[in-house]
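Here is the file coords.pdb (PDB, C-alpha atoms).
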```
ATOM      1  CA  MET A   1       1.739  -7.760  12.408
ATOM      2  CA  SER A   2       2.907 -11.338  11.985
ATOM      3  CA  ARG A   3       1.061 -14.293  13.431
ATOM      4  CA  VAL A   4       2.690 -16.047  16.377
ATOM      5  CA  ILE A   5       2.767 -19.805  15.808
ATOM      6  CA  HIS A   6       2.514 -21.975  18.904
ATOM      7  CA  PRO A   7       5.128 -24.749  19.262
ATOM      8  CA  ILE A   8       2.369 -27.392  19.258
ATOM      9  CA  GLU A   9       1.212 -26.175  15.848
ATOM     10  CA  GLU A  10       4.797 -26.260  14.546
ATOM     11  CA  GLU A  11       5.210 -29.818  15.847
ATOM     12  CA  SER A  12       1.906 -30.872  14.315
ATOM     13  CA  TYR A  13       2.958 -29.600  10.880
ATOM     14  CA  ALA A  14       6.316 -31.352  11.227
ATOM     15  CA  ILE A  15       4.533 -34.644  11.959
ATOM     16  CA  LEU A  16       2.122 -34.085   9.061
ATOM     17  CA  ARG A  17       5.074 -33.579   6.694
ATOM     18  CA  THR A  18       6.633 -36.883   7.792
ATOM     19  CA  ARG A  19       3.409 -38.674   6.895
ATOM     20  CA  ALA A  20       2.621 -36.907   3.633
ATOM     21  CA  ASP A  21       4.719 -35.216   0.976
ATOM     22  CA  THR A  22       3.034 -31.944   0.079
ATOM     23  CA  ALA A  23       6.128 -30.288  -1.383
ATOM     24  CA  ALA A  24       4.978 -30.770  -5.000
ATOM     25  CA  LEU A  25       1.738 -28.851  -4.462
ATOM     26  CA  ALA A  26       1.454 -25.255  -5.651
ATOM     27  CA  PRO A  27       1.951 -22.768  -2.778
ATOM     28  CA  LEU A  28      -1.674 -21.917  -1.933
ATOM     29  CA  SER A  29      -2.878 -25.448  -2.601
ATOM     30  CA  ARG A  30      -0.201 -26.685  -0.219
ATOM     31  CA  ALA A  31      -1.118 -24.132   2.452
ATOM     32  CA  VAL A  32      -4.814 -25.012   2.233
ATOM     33  CA  THR A  33      -4.267 -28.775   2.072
ATOM     34  CA  GLU A  34      -1.880 -28.784   5.010
ATOM     35  CA  ARG A  35      -4.130 -26.609   7.171
ATOM     36  CA  VAL A  36      -7.177 -28.769   6.369
ATOM     37  CA  VAL A  37      -5.257 -31.951   7.183
ATOM     38  CA  HIS A  38      -3.900 -30.297  10.334
ATOM     39  CA  ALA A  39      -7.424 -29.277  11.445
ATOM     40  CA  SER A  40      -8.949 -32.685  10.768
ATOM     41  CA  ALA A  41      -6.045 -35.120  11.281
ATOM     42  CA  ASP A  42      -7.391 -36.744   8.116
ATOM     43  CA  LEU A  43      -4.773 -37.510   5.481
ATOM     44  CA  ASP A  44      -7.490 -38.511   2.992
ATOM     45  CA  TYR A  45      -7.916 -34.794   2.246
ATOM     46  CA  LEU A  46      -4.614 -35.000   0.362
ATOM     47  CA  THR A  47      -6.450 -36.719  -2.480
ATOM     48  CA  ASP A  48     -10.029 -35.590  -1.773
ATOM     49  CA  LEU A  49      -9.567 -31.806  -1.929
ATOM     50  CA  VAL A  50     -10.033 -30.083  -5.264
ATOM     51  CA  CYS A  51      -7.708 -27.083  -5.221
ATOM     52  CA  VAL A  52      -7.389 -24.798  -8.218
ATOM     53  CA  GLU A  53      -4.392 -22.545  -7.623
ATOM     54  CA  LYS A  54      -5.751 -19.746  -9.804
ATOM     55  CA  ALA A  55      -9.026 -19.676  -7.822
ATOM     56  CA  LEU A  56      -7.155 -19.751  -4.510
ATOM     57  CA  ALA A  57      -4.931 -16.897  -5.675
ATOM     58  CA  ALA A  58      -7.992 -14.845  -6.642
ATOM     59  CA  GLY A  59      -9.528 -15.522  -3.229
ATOM     60  CA  ALA A  60      -6.322 -14.603  -1.392
ATOM     61  CA  ALA A  61      -6.021 -11.393  -3.417
ATOM     62  CA  ALA A  62      -9.633 -10.507  -2.620
ATOM     63  CA  LEU A  63      -8.962 -11.083   1.082
ATOM     64  CA  ARG A  64      -5.893  -8.810   0.936
ATOM     65  CA  ARG A  65      -8.132  -6.135  -0.584
ATOM     66  CA  GLY A  66     -10.559  -6.515   2.322
ATOM     67  CA  ALA A  67     -13.242  -8.682   0.709
ATOM     68  CA  THR A  68     -16.231  -9.514   2.855
ATOM     69  CA  VAL A  69     -16.187 -13.026   4.326
ATOM     70  CA  VAL A  70     -19.535 -14.834   4.553
ATOM     71  CA  ALA A  71     -20.150 -18.097   6.455
ATOM     72  CA  ASP A  72     -23.103 -20.462   6.378
ATOM     73  CA  SER A  73     -23.101 -21.191  10.106
ATOM     74  CA  ALA A  74     -22.035 -19.783  13.439
ATOM     75  CA  MET A  75     -19.652 -22.737  13.802
ATOM     76  CA  VAL A  76     -17.811 -21.793  10.617
ATOM     77  CA  ALA A  77     -17.749 -18.126  11.611
ATOM     78  CA  ALA A  78     -16.348 -19.008  15.051
ATOM     79  CA  GLY A  79     -13.362 -20.705  13.410
ATOM     80  CA  ILE A  80     -12.397 -17.537  11.519
ATOM     81  CA  THR A  81     -10.887 -15.365  14.223
ATOM     82  CA  SER A  82      -8.818 -12.828  12.305
ATOM     83  CA  ARG A  83     -11.633 -11.285  10.228
ATOM     84  CA  GLU A  84     -15.177 -10.107  10.694
ATOM     85  CA  VAL A  85     -17.621 -12.601   9.192
ATOM     86  CA  ILE A  86     -21.195 -12.178   7.979
ATOM     87  CA  CYS A  87     -23.410 -15.073   9.059
ATOM     88  CA  ARG A  88     -27.166 -14.674   8.756
ATOM     89  CA  VAL A  89     -28.453 -18.125   9.768
ATOM     90  CA  ARG A  90     -29.837 -16.683  13.042
ATOM     91  CA  ASP A  91     -31.073 -13.457  11.481
ATOM     92  CA  PRO A  92     -34.853 -12.938  11.868
ATOM     93  CA  ARG A  93     -34.991 -12.195   8.139
ATOM     94  CA  ALA A  94     -33.630 -15.691   7.465
ATOM     95  CA  ARG A  95     -36.303 -17.228   9.685
ATOM     96  CA  SER A  96     -38.960 -15.367   7.720
ATOM     97  CA  VAL A  97     -37.473 -16.300   4.323
ATOM     98  CA  ALA A  98     -37.178 -19.964   5.356
ATOM     99  CA  ALA A  99     -40.828 -20.114   6.424
ATOM    100  CA  ARG A 100     -42.091 -18.249   3.367
ATOM    101  CA  ALA A 101     -39.963 -20.109   0.781
ATOM    102  CA  GLY A 102     -40.022 -23.542   2.416
ATOM    103  CA  ILE A 103     -36.220 -23.773   2.544
ATOM    104  CA  THR A 104     -33.780 -24.519   5.360
ATOM    105  CA  ARG A 105     -32.619 -21.746   7.681
ATOM    106  CA  SER A 106     -29.100 -22.257   6.329
ATOM    107  CA  ALA A 107     -30.252 -21.665   2.761
ATOM    108  CA  ALA A 108     -32.307 -18.667   3.861
ATOM    109  CA  GLY A 109     -29.309 -17.286   5.747
ATOM    110  CA  VAL A 110     -27.262 -17.462   2.549
ATOM    111  CA  ARG A 111     -30.018 -15.715   0.619
ATOM    112  CA  VAL A 112     -30.112 -12.879   3.171
ATOM    113  CA  ALA A 113     -26.314 -12.688   3.407
ATOM    114  CA  ALA A 114     -25.976 -12.387  -0.375
ATOM    115  CA  GLY A 115     -27.961  -9.179  -0.257
ATOM    116  CA  ASP A 116     -25.877  -7.855   2.619
ATOM    117  CA  ALA A 117     -22.452  -8.875   1.268
ATOM    118  CA  GLY A 118     -22.791  -7.962  -2.385
ATOM    119  CA  PRO A 119     -20.455  -9.163  -5.145
ATOM    120  CA  GLY A 120     -16.807 -10.063  -4.586
ATOM    121  CA  ALA A 121     -17.225 -11.771  -1.214
ATOM    122  CA  VAL A 122     -15.411 -14.907  -0.113
ATOM    123  CA  TRP A 123     -18.016 -17.515   0.870
ATOM    124  CA  VAL A 124     -17.194 -20.250   3.387
ATOM    125  CA  ILE A 125     -19.749 -23.075   3.451
ATOM    126  CA  GLY A 126     -18.888 -25.869   5.885
ATOM    127  CA  THR A 127     -22.061 -27.001   7.549
ATOM    128  CA  ALA A 128     -25.067 -27.128   5.263
ATOM    129  CA  PRO A 129     -25.250 -28.579   1.753
ATOM    130  CA  THR A 130     -28.497 -26.615   1.298
ATOM    131  CA  ALA A 131     -26.545 -23.392   1.893
ATOM    132  CA  LEU A 132     -24.123 -24.268  -0.897
ATOM    133  CA  SER A 133     -26.970 -25.211  -3.250
ATOM    134  CA  GLU A 134     -28.707 -21.909  -2.471
ATOM    135  CA  LEU A 135     -25.531 -19.934  -3.147
ATOM    136  CA  LEU A 136     -25.220 -21.624  -6.537
ATOM    137  CA  ASP A 137     -28.768 -20.524  -7.388
ATOM    138  CA  LEU A 138     -27.993 -16.875  -6.607
ATOM    139  CA  ASP A 139     -26.159 -14.303  -8.689
ATOM    140  CA  ALA A 140     -23.666 -13.623  -5.882
ATOM    141  CA  ALA A 141     -20.559 -13.087  -8.068
ATOM    142  CA  PRO A 142     -18.160 -14.429  -5.409
ATOM    143  CA  ALA A 143     -14.402 -13.930  -5.392
ATOM    144  CA  LEU A 144     -14.129 -17.501  -4.072
ATOM    145  CA  VAL A 145     -16.437 -20.192  -2.719
ATOM    146  CA  ILE A 146     -14.995 -22.560  -0.139
ATOM    147  CA  GLY A 147     -17.584 -25.316  -0.424
ATOM    148  CA  LEU A 148     -16.886 -28.009   2.158
ATOM    149  CA  PRO A 149     -20.257 -28.863   3.722
ATOM    150  CA  VAL A 150     -20.516 -32.191   5.472
ATOM    151  CA  GLY A 151     -23.306 -34.731   5.262
ATOM    152  CA  PHE A 152     -24.817 -37.842   3.765
ATOM    153  CA  VAL A 153     -27.711 -35.932   2.178
ATOM    154  CA  GLY A 154     -26.768 -33.638  -0.663
ATOM    155  CA  ALA A 155     -23.201 -32.748   0.338
ATOM    156  CA  ALA A 156     -21.337 -34.588  -2.429
ATOM    157  CA  GLU A 157     -23.946 -33.491  -4.968
ATOM    158  CA  ALA A 158     -23.732 -29.808  -3.944
ATOM    159  CA  LYS A 159     -19.947 -29.944  -4.200
ATOM    160  CA  ALA A 160     -20.139 -31.530  -7.649
ATOM    161  CA  ALA A 161     -22.512 -28.742  -8.697
ATOM    162  CA  LEU A 162     -20.035 -26.171  -7.369
ATOM    163  CA  ARG A 163     -17.212 -27.708  -9.421
ATOM    164  CA  ALA A 164     -19.447 -27.697 -12.516
ATOM    165  CA  SER A 165     -20.589 -24.097 -11.950
ATOM    166  CA  GLY A 166     -17.446 -22.407 -13.221
ATOM    167  CA  LEU A 167     -17.244 -20.294 -10.047
ATOM    168  CA  PRO A 168     -13.818 -19.898  -8.433
ATOM    169  CA  ALA A 169     -13.919 -22.637  -5.815
ATOM    170  CA  LEU A 170     -12.216 -24.874  -3.326
ATOM    171  CA  THR A 171     -14.084 -28.057  -2.510
ATOM    172  CA  ASN A 172     -13.712 -31.789  -2.092
ATOM    173  CA  ARG A 173     -15.241 -34.797  -3.782
ATOM    174  CA  GLY A 174     -16.807 -36.696  -0.914
ATOM    175  CA  GLU A 175     -19.345 -36.350   1.870
ATOM    176  CA  LYS A 176     -16.880 -35.240   4.508
ATOM    177  CA  GLY A 177     -16.153 -31.644   5.341
ATOM    178  CA  GLY A 178     -17.450 -29.521   8.169
ATOM    179  CA  ALA A 179     -17.103 -26.218   9.957
ATOM    180  CA  ALA A 180     -13.555 -26.768  11.211
ATOM    181  CA  VAL A 181     -12.327 -27.857   7.781
ATOM    182  CA  ALA A 182     -13.985 -24.944   5.958
ATOM    183  CA  ALA A 183     -12.668 -22.402   8.470
ATOM    184  CA  ALA A 184      -9.201 -23.963   8.231
ATOM    185  CA  ALA A 185      -9.213 -23.531   4.447
ATOM    186  CA  LEU A 186     -10.131 -19.850   4.752
ATOM    187  CA  ASN A 187      -7.550 -19.330   7.507
ATOM    188  CA  ALA A 188      -4.864 -20.852   5.292
ATOM    189  CA  LEU A 189      -5.544 -18.150   2.718
ATOM    190  CA  LEU A 190      -5.548 -15.439   5.386
ATOM    191  CA  TYR A 191      -2.307 -16.637   6.949
ATOM    192  CA  HIS A 192      -0.448 -17.267   3.696
ATOM    193  CA  GLU A 193       2.063 -14.469   3.161
ATOM    194  CA  GLY A 194       0.168 -12.087   5.420
ATOM    195  CA  ALA A 195      -3.053 -11.937   3.415
ATOM    196  CA  ARG A 196      -4.722 -10.296   6.402
TER     197      ARG A 196
END
```
Would you write the structure of this file as structure tokens?
Amino acid sequence: MSRVIHPIEEESYAILRTRADTAALAPLSRAVTERVVHASADLDYLTDLVCVEKALAAGAAALRRGATVVADSAMVAAGITSREVICRVRDPRARSVAARAGITRSAAGVRVAAGDAGPGAVWVIGTAPTALSELLDLDAAPALVIGLPVGFVGAAEAKAALRASGLPALTNRGEKGGAAVAAAALNALLYHEGAR
């Protein structure tokens, strides 16, 4: 089943392409970059995103095979409408882990979700830098990590750690990011050539 694209979305992409030349980007990098810019109306993502085509291809292939999708927050999960998403931030187990370990609920939710999802999942972190840092401390063996948490405290550092980790990743260099941007990046992979 193909996705129906609303005329407003088509017009928005046409406007985006008059303001920025994305034609030289590799196919998945272009799809992700354009969808992130479309979702945020922020052209700075053209130079701020760190897209590795090989990692994006591995993530898209995993999604086509039915990989589990895990999100750090309900806001990120809400933006991913074409797939079921595991999000454990509100799980009572996460509350217990957070209290016992002295970590944020977001980090605890990632810890719980890692046990539920198993290896080969696609992780979408858009809200909490602590969730991304926690994921990097786990042996989650992800197919792809979309690491785009927003914030002035720890976001840029967590993203730098993700880039240095050697994990297949999509991230950006700065403090900006957020739920809508992270969900948009995942959706770009789902929508590209019918990855659903």
- Which residues, written as an NGL selection string, have at least one atom at most 9 Å from Glu34 in chain A, with all atoms listed in the file counted and residues fewer than 5 positions away on the same chain left out? :A and (13 or 16-17 or 22 or 29 or 39 or 45-46 or 188)
Per residue of range 72-157 of chain A within 7 Å of range 161-171 of chain A, what are the shortest atom pair and its distance in Å to one decimal, counting all atoms listed in the file, with rows by chain and residue number, as JSON lines?
```
{"residue": "A:Leu136", "atom": "CA", "partner": "A:Leu162", "partner_atom": "CA", "distance": 6.9}
{"residue": "A:Ala143", "atom": "CA", "partner": "A:Pro168", "partner_atom": "CA", "distance": 6.7}
{"residue": "A:Leu144", "atom": "CA", "partner": "A:Pro168", "partner_atom": "CA", "distance": 5.0}
{"residue": "A:Val145", "atom": "CA", "partner": "A:Ala169", "partner_atom": "CA", "distance": 4.7}
{"residue": "A:Ile146", "atom": "CA", "partner": "A:Leu170", "partner_atom": "CA", "distance": 4.8}
{"residue": "A:Gly147", "atom": "CA", "partner": "A:Thr171", "partner_atom": "CA", "distance": 4.9}
{"residue": "A:Leu148", "atom": "CA", "partner": "A:Thr171", "partner_atom": "CA", "distance": 5.4}
{"residue": "A:Glu157", "atom": "CA", "partner": "A:Ala161", "partner_atom": "CA", "distance": 6.2}
```
- Query: Do you know which residues are at most 7 Å from Ala185 in chain A counting all atoms listed in the file, after dropping those on the same chain fewer than 4 positions away, and could you put them as a list in words?
  - Reply: Val32, Arg35, Val36, Val181 and Leu189 of chain A
- Task: Please provide as a ChimeraX atom specification all residues within 6 Å of Val89 in chain A, with the sequence filter that same-chain residues fewer than 3 positions apart are discarded (counting only C-alpha atoms).
- Result: /A:105-106,109
- Query: Between CA of His6 in chain A and CA of Ala183 in chain A, what is the distance, to one decimal in Å?
  - Reply: 18.4 Å
- Nearby residues (all atoms listed in the file) at most 7 Å from range 116-129 of chain A, same-chain spacing under 2 positions excluded, as a PyMOL selection string: chain A and resi 59+67-73+76+106+112-114+131-133+140-150+154-155+158+177-179+182
Take the residues just selected and output them with C-alpha atoms as a short mmCIF file (atom, residue, chain, number, x, y, z; two decimals), keeping the file's coordinate frame.
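As a result, again_20.cif now contains:
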```
data_model
loop_
_atom_site.label_atom_id
_atom_site.label_comp_id
_atom_site.auth_asym_id
_atom_site.auth_seq_id
_atom_site.Cartn_x
_atom_site.Cartn_y
_atom_site.Cartn_z
CA GLY A 59 -9.53 -15.52 -3.23
CA ALA A 67 -13.24 -8.68 0.71
CA THR A 68 -16.23 -9.51 2.86
CA VAL A 69 -16.19 -13.03 4.33
CA VAL A 70 -19.54 -14.83 4.55
CA ALA A 71 -20.15 -18.10 6.46
CA ASP A 72 -23.10 -20.46 6.38
CA SER A 73 -23.10 -21.19 10.11
CA VAL A 76 -17.81 -21.79 10.62
CA SER A 106 -29.10 -22.26 6.33
CA VAL A 112 -30.11 -12.88 3.17
CA ALA A 113 -26.31 -12.69 3.41
CA ALA A 114 -25.98 -12.39 -0.38
CA ALA A 131 -26.54 -23.39 1.89
CA LEU A 132 -24.12 -24.27 -0.90
CA SER A 133 -26.97 -25.21 -3.25
CA ALA A 140 -23.67 -13.62 -5.88
CA ALA A 141 -20.56 -13.09 -8.07
CA PRO A 142 -18.16 -14.43 -5.41
CA ALA A 143 -14.40 -13.93 -5.39
CA LEU A 144 -14.13 -17.50 -4.07
CA VAL A 145 -16.44 -20.19 -2.72
CA ILE A 146 -15.00 -22.56 -0.14
CA GLY A 147 -17.58 -25.32 -0.42
CA LEU A 148 -16.89 -28.01 2.16
CA PRO A 149 -20.26 -28.86 3.72
CA VAL A 150 -20.52 -32.19 5.47
CA GLY A 154 -26.77 -33.64 -0.66
CA ALA A 155 -23.20 -32.75 0.34
CA ALA A 158 -23.73 -29.81 -3.94
CA GLY A 177 -16.15 -31.64 5.34
CA GLY A 178 -17.45 -29.52 8.17
CA ALA A 179 -17.10 -26.22 9.96
CA ALA A 182 -13.98 -24.94 5.96
#
```
Please write out, as AutoDock Vina command-line options, where the centre of an axis-aligned box around all listed atoms of range 162-170 of chain A lies and how long its edges are, in Å to one decimal, after adding 4 Å on each side.
```
--center_x -16.4 --center_y -23.8 --center_z -8.3 --size_x 16.4 --size_y 15.8 --size_z 17.9
```
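The interatomic distance for the pair CA of Glu134 in chain A and CA of Ala107 in chain A works out to 5.5 Å.
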- Message: Ranking A:Asn187, A:Ile103, A:His192, A:Ile15 by minimum distance to Thr81 in chain A and counting all atoms listed in the file, which one comes first?
- Response: A:Asn187
